[in-house]
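Trainee: This is the structure I want to talk about, given as structure tokens.
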Amino acid sequence: MRTIRRLPTYSFFVFIFLFLLSSCGSRKQATEESTNFTPTGPVFNADSAYAFCQAQCDFGPRVMNSDNHEMCGAWIMKKFEGYGLTVTPQRTALRGFNGTFLKGTNITASYLPEQNDRILLCAHWDSRPWADNDPDEANWKKPVPAANDGASGVAVMLEIARLLANDSLRLGVDFVCFDAEDWGVPQWSDAEDRGDSWALGAQHWAAHVDKKTAKSYRFGILLDMVGGEGAHFYQEQMSLYYARNVVDKVWKAAQVIGFGSFFPKDAGGGITDDHIPVNKVAKIPCIDIIPYYPDCQQSSFGPTWHTIHDDMEHIDKNTLQAVGQTLVQVLFSE
């Protein structure tokens with residue numbers, strides 16, 4: 001699931017522009033970096049996360065306005081509730097780029113909802129309706145299975161929620177599953193892609209989140225495509241602009257626990273994703289953990305991105321482990 005402008009930009013001029021923009025623009029800073037230099041927290045179970053990913057895919061593509069979508073959403077809420085979290089669905093009618101009304105549900109699951117000091121973890125849970133980057137043109141209007149681009153981020157969050165149910169963390173955590181991220185203008189469409197057709201659920205959430213709640217977050221972390229084979233998570237440019245200290249925190253945590261190879265300290269592209277409205281509208285410093293494949297001709301997001309091959313056969317437990325354990329390290333270092 002990716003949002004609007006997918007192709008990372010590495011030109012010198014774009015880099016200079018972002019650098020100058022960051023030097024004169026205002027940023028909301030997260031708390032001082034505090035990651036431990038020794039491993040901490042419970043062990044993330046990649047087998048469990050893999051099973052959560054499979055369970056979502058078993059519903060079929062979770063395309064907006066479909067029965068699969070509604071059943072999977074109900075399942076996600078039930079799982080979070082089963083781990084003792086307070087679940088709040090935000091139901092809304094959204095409008096797609098082509099005028100289609102979309103029945104959307106952003107799902108918030110709160111750990112220690114009474115705690116005013118909180119961390120935001122988020123991912124999108126919908127499936128892209130069109131495999132418009134598939135190498136076979138005949139598949140362009142088929143739905144994407146969305147094992148990685150959708151299910152993987154939710155799976156990692158569910159596993160962390162399961163761990164918190166059996167452990168103690170003094171901070172509150174909100175797990176937010178954004179809807180309608182992947183309804184963006186398809187490549188085969190004649191419609192103009194102005195960038196606002198993506199991340200519809202996150203746009204709505206950011207515009208309506210309570211100001212007091214927004215201020216309670218130390219920072220946010222968006223998980224997007226965090227289970228793919230061969231994935232490496234470069235430092236996304238807009239994350240560096242809005243929340244560089246959070247990027248430093250997460251990448252240091254990965255090094256501490258031995259997963260630094262999955263998190264290169266090199267800049268990736270600037271991505272339009274759910275974290276953009278969270279930063280710009282809700283004013284919550286939020287980064288995007290998203291893969292970059294510099295040598296992949298099919299897509300810089302990997303060979304299965306927006307294809308019918310984004311299925312469980314291409315989910316790697318090692319990638320889930322690296323991301324999940326890194327998040328555990330971050331949470332239990334705060």
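Residues are referred to by chain and number: the chain letter is A, B, ... according to the order shown in the structure tokens, the number counts from 1 in that chain, and ligands are numbered separately from 1 in the order shown.
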Near Asp196 (chain A), counting only C-alpha atoms, which residues have an atom at most 12 Å away, once you skip same-chain residues fewer than 5 positions from it, shown as a VMD selection string?
Mentor: chain A and resid 3 to 5 95 to 97 180 to 185 201 to 204 272 to 274 276 to 277
Trainee: Give one line per residue of region 91-187 of chain A that approaches region 209-230 of chain A to at most 8 Å, naming the two atoms of the closest pair and their distance in Å to one decimal, counting only C-alpha atoms; sort by chain then ascending residue number and deliver it as a tab-separated table.
Mentor:
residue	atom	partner	partner_atom	distance
A:Asn116	CA	A:Ser216	CA	5.6
A:Asp117	CA	A:Ser216	CA	5.4
A:Arg118	CA	A:Tyr217	CA	4.7
A:Ile119	CA	A:Tyr217	CA	5.2
A:Leu120	CA	A:Gly220	CA	4.3
A:Leu121	CA	A:Ile221	CA	5.0
A:Cys122	CA	A:Leu222	CA	4.8
A:Ala123	CA	A:Leu223	CA	5.0
A:His124	CA	A:Asp224	CA	7.5
A:Asn148	CA	A:Met225	CA	4.8
A:Asp149	CA	A:Met225	CA	4.7
A:Gly150	CA	A:Met225	CA	6.6
A:Ser152	CA	A:Gly227	CA	5.5
A:Gly153	CA	A:Leu223	CA	5.1
Trainee: Quick one: of A:Asn133, A:Asn68, A:Ser261, A:Thr304, who's nearest to Val323 (chain A), counting only C-alpha atoms?
Mentor: A:Ser261
Trainee: Could you tell me which of A:Cys57, A:Leu112, A:Met312, A:Ala243 comes closest to Ser168 (chain A) if we count only C-alpha atoms?
Mentor: A:Leu112
Trainee: Return the single residue from A:Val154, A:Gly82, A:Asp58, A:Asn98 that is closest to Glu192 (chain A), with distances computed using only C-alpha atoms.
Mentor: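 Distance minimum relative to Glu192 (chain A) lands on A:Asn98.
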Trainee: Please measure the separation of CA of Ser197 (chain A) and CA of Tyr242 (chain A), giving the value in Å to one decimal.
Mentor: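 About the pair CA of Ser197 (chain A) and CA of Tyr242 (chain A): they are 21.7 Å apart.
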Trainee: Calculated over only C-alpha atoms, which of the candidates A:Leu85, A:Ile315, A:Ala49, A:Leu102 has the smallest distance to Leu200 (chain A)?
Mentor: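 Using only C-alpha atoms, the shortest distance to Leu200 (chain A) belongs to A:Leu102.
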Trainee: Please, which residues of region 165-228 of chain A, numbered as in this document, come out helix (DSSP H, G or I) from DSSP, as a list in words?
Mentor: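 DSSP on the backbone gives helix (DSSP H, G or I) at Ala165, Leu200, Gly201, Ala202, Gln203, His204, Trp205, Ala206, Ala207, His208, Lys211, Lys212, Thr213, Ala214, Lys215 and Ser216 of chain A.
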Trainee: For Pro145 (chain A), please output as a ChimeraX atom specification all residues within 7 Å (counting only C-alpha atoms; exclusion window: fewer than 3 positions along the same chain).
Mentor: /A:57,60-61,127,308,310-311
Trainee: Give me, as a ChimeraX atom specification, all polymer residues having an atom no more than 8 Å from Tyr292 (chain A), counting only C-alpha atoms and skipping those fewer than 3 positions away in the same chain.
Mentor: /A:231-234,268-269,300-302
